[in-house]
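S.K.: Okay, handing you the structure first.
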Amino acid sequence: QPAAAPSGVMPSGPMSKGADDQHEAMKRVVKSIYAPTRYVFVADRFSNFISVTDIVSGEHIETLNFSMRPHVMELARDDAMLAVGSPEVSAIEFMNLRTRERRRVELPSPVFQIFFVPQTNLVALGLRDQVGMINYKDFTVRIFPRRFDSDQRQTLINTYYSLLFSSFSQSFWVLDEDRPCIYHRYGGAEPLDAPWKTIDLSRHIGTGSGLGIGVASPEDDLLAMTTDDGSEGLVFFPAQDKVLSTGPMRTVGSTNEPMIMPYIDADSKHVIFADMEGNVSPRFVRTGWLESTWILAGDKGIMFQSFKDPSDRKIVRFVPEVMNMWVTGDSKTALYTLDEGAPAIYRFDIRTREQLPPIRVRGVTMASMLRMGSN
């Protein structure tokens, strides 16, 4: 086991005697770590630790340990709840960041995807071969009985489907890796054994490939997804039964570089597809500065591109690979982690496209996944 990580709030400066006593009394009662516009949760790639860092002051706030490697981590955007899972553990861990109360919920299989449902206490889950929901108010679990697996399964640490979730409509969209099919149903108050609708996209995919990864708009307006062989990106409009395609993104079999997770902007007006080739070898796509700029980060650098002007771009090149990227809730700052050097949160001002000083991340070996509660 790794050595215990440091914890506790670092002193931020001198206080008066009365203020200091009050501060210490508050800490003894409960030490909230809920500050959605300030605190970044950074998962370690190799250990069980999650480091909490204040991006305003640069302070290390605390290091959390949930006794599992945090390969899946999400924060509610309108509540003080953190959820953590791992493909190695058949459970999910919840933590109320205000009260610090924790609850581990045992599950039929490990968690691979987590989605918080806004303005509710619900969380949608993608397990190894099933999907379902948890109400974290009373921790009731509803796992739908249908399984999504493959005859080709040789290991227990992966899935053969990808779950897309429309958070406002509570729609589950399951992409079949083996076949060009989407399976759809609603969550919420629907019965556990409610039927799934099969949507066959075979006539739209020339290679006959199954489906890869994707993202859904908050309502049931559109889905953006890739084919499993990485040959093209698709946009599906369920209400119109309409499909748009990027056309061939690469020749199947010519490279082992697949397409990355597509991105839908906040207004559902732009969908961005990319593969892992090109000048930046992209890994992550985000938008920022009031949806005026898209940011592409990869293993050769980071690029800022104007939506309106294709010639308005800036590329900053570096050697390390980007491990993860996040944009702050005010859309002004891009945060990312790298796979080389001391663990740190690297930052860019999206408005000026200038780099800001990095913030050291304490308590982890390699800073990987980034999450905040404000975006």
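Ordering of the structure tokens sets the chain letters (A, B, ...); residue numbers start at 1 within each chain; ligands are numbered from 1 in the order shown.
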Go through stretch 58-85 of chain A and flag each residue having an atom no more than 12 Å from stretch 344-360 of chain A; for those, report the closest pair of atoms plus their distance in Å to one decimal, using only C-alpha atoms, ordered by chain and rising number, as a tab-separated table.

M.R.:
residue	atom	partner	partner_atom	distance
A:Gly58	CA	A:Ile359	CA	5.9
A:Glu59	CA	A:Ile359	CA	8.6
A:His60	CA	A:Arg360	CA	8.3
A:Ile61	CA	A:Arg360	CA	11.9

S.K.: For A:Ser51, list every protein, DNA or RNA residue within 10 Å, evaluated using only C-alpha atoms, and leave out those in the same chain fewer than 2 positions away; present the list as a count of residues only.

M.R.: 23

S.K.: So how far away is atom CA of A:Val316 from atom CA of A:Trp289, in Å?

M.R.: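 Separation of atom CA of A:Trp289 and atom CA of A:Val316: 17.9 Å.
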
S.K.: Can you check which residues of stretch 89-264 of chain A DSSP gives as helix (DSSP H, G or I) on the backbone and send them as a ChimeraX atom specification?

M.R.: /A:202-204,238-240

S.K.: Could you turn the residues from that selection into a file that holds C-alpha atoms, as a compact mmCIF listing (two decimals), in the first residue's frame?

M.R.:
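The result, written out as selection.txt:
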# COMPACT_ATOMS: atom_id res chain seq x y z
CA SER A 202 -26.87 -0.42 -40.11
CA ARG A 203 -28.09 1.39 -43.22
CA HIS A 204 -26.03 4.44 -42.22
CA PRO A 238 -34.09 10.58 -32.50
CA ALA A 239 -37.29 12.58 -33.10
CA GLN A 240 -36.63 12.77 -36.85

S.K.: For a test of reading the model, state the distance in Å between atom CA of A:Val131 and atom CA of A:Gly329, rounded to one decimal.

M.R.: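 These two atoms are separated by 28.8 Å.
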
S.K.: With a distance cut-off of 8 Å and only C-alpha atoms, select the neighbouring residues of A:Asp78, excluding the residue or stretch itself and same-chain residues fewer than 5 positions from it, and output the selection as a PyMOL selection string.

M.R.: chain A and resi 118-119+373-374

S.K.: Once you have the residues from the selection above, write them out as a JSON list (two decimals), in the first residue's frame, restricted to N, CA, C and O atoms.

M.R.:
[["chain", "number", "residue", "atom", "x", "y", "z"],
["A", 118, "PRO", "N", -29.55, 16.38, -12.80],
["A", 118, "PRO", "CA", -29.73, 17.70, -12.17],
["A", 118, "PRO", "C", -31.05, 17.82, -11.42],
["A", 118, "PRO", "O", -32.07, 17.24, -11.80],
["A", 119, "GLN", "N", -31.01, 18.58, -10.32],
["A", 119, "GLN", "CA", -32.19, 18.91, -9.52],
["A", 119, "GLN", "C", -32.90, 17.68, -8.95],
["A", 119, "GLN", "O", -34.10, 17.69, -8.71],
["A", 373, "GLY", "N", -17.18, 20.98, -9.33],
["A", 373, "GLY", "CA", -18.61, 20.93, -9.17],
["A", 373, "GLY", "C", -19.35, 22.09, -9.80],
["A", 373, "GLY", "O", -20.54, 22.28, -9.55],
["A", 374, "SER", "N", -18.65, 22.88, -10.64],
["A", 374, "SER", "CA", -19.27, 24.11, -11.18],
["A", 374, "SER", "C", -19.43, 24.09, -12.69],
["A", 374, "SER", "O", -19.73, 25.12, -13.28]]

S.K.: Work out how far atom CA of A:His71 is from atom CA of A:Gly85, in Å to one decimal.

M.R.: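 The value is 6.5 Å.
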
S.K.: Please identify all polymer residues within 10 Å of stretch 66-69 of chain A, counting only C-alpha atoms, omitting same-chain residues fewer than 6 positions from it, and present them as a list in words.

M.R.: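 Returned residues: Ala43, Asp44, Arg45, Phe46, Ser47, Asn48, Phe49, Ile50, Val84, Gly85, Ser86, Pro87, Glu88, Val89, Ala91, Ile92, Glu93, Phe94, Met95, Arg102 and Arg104 of chain A.
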
S.K.: Taking into account only C-alpha atoms, which residue in the set A:Ala124, A:Met73, A:Ile55, A:Val117 is nearest to A:Leu335?

M.R.: A:Ile55
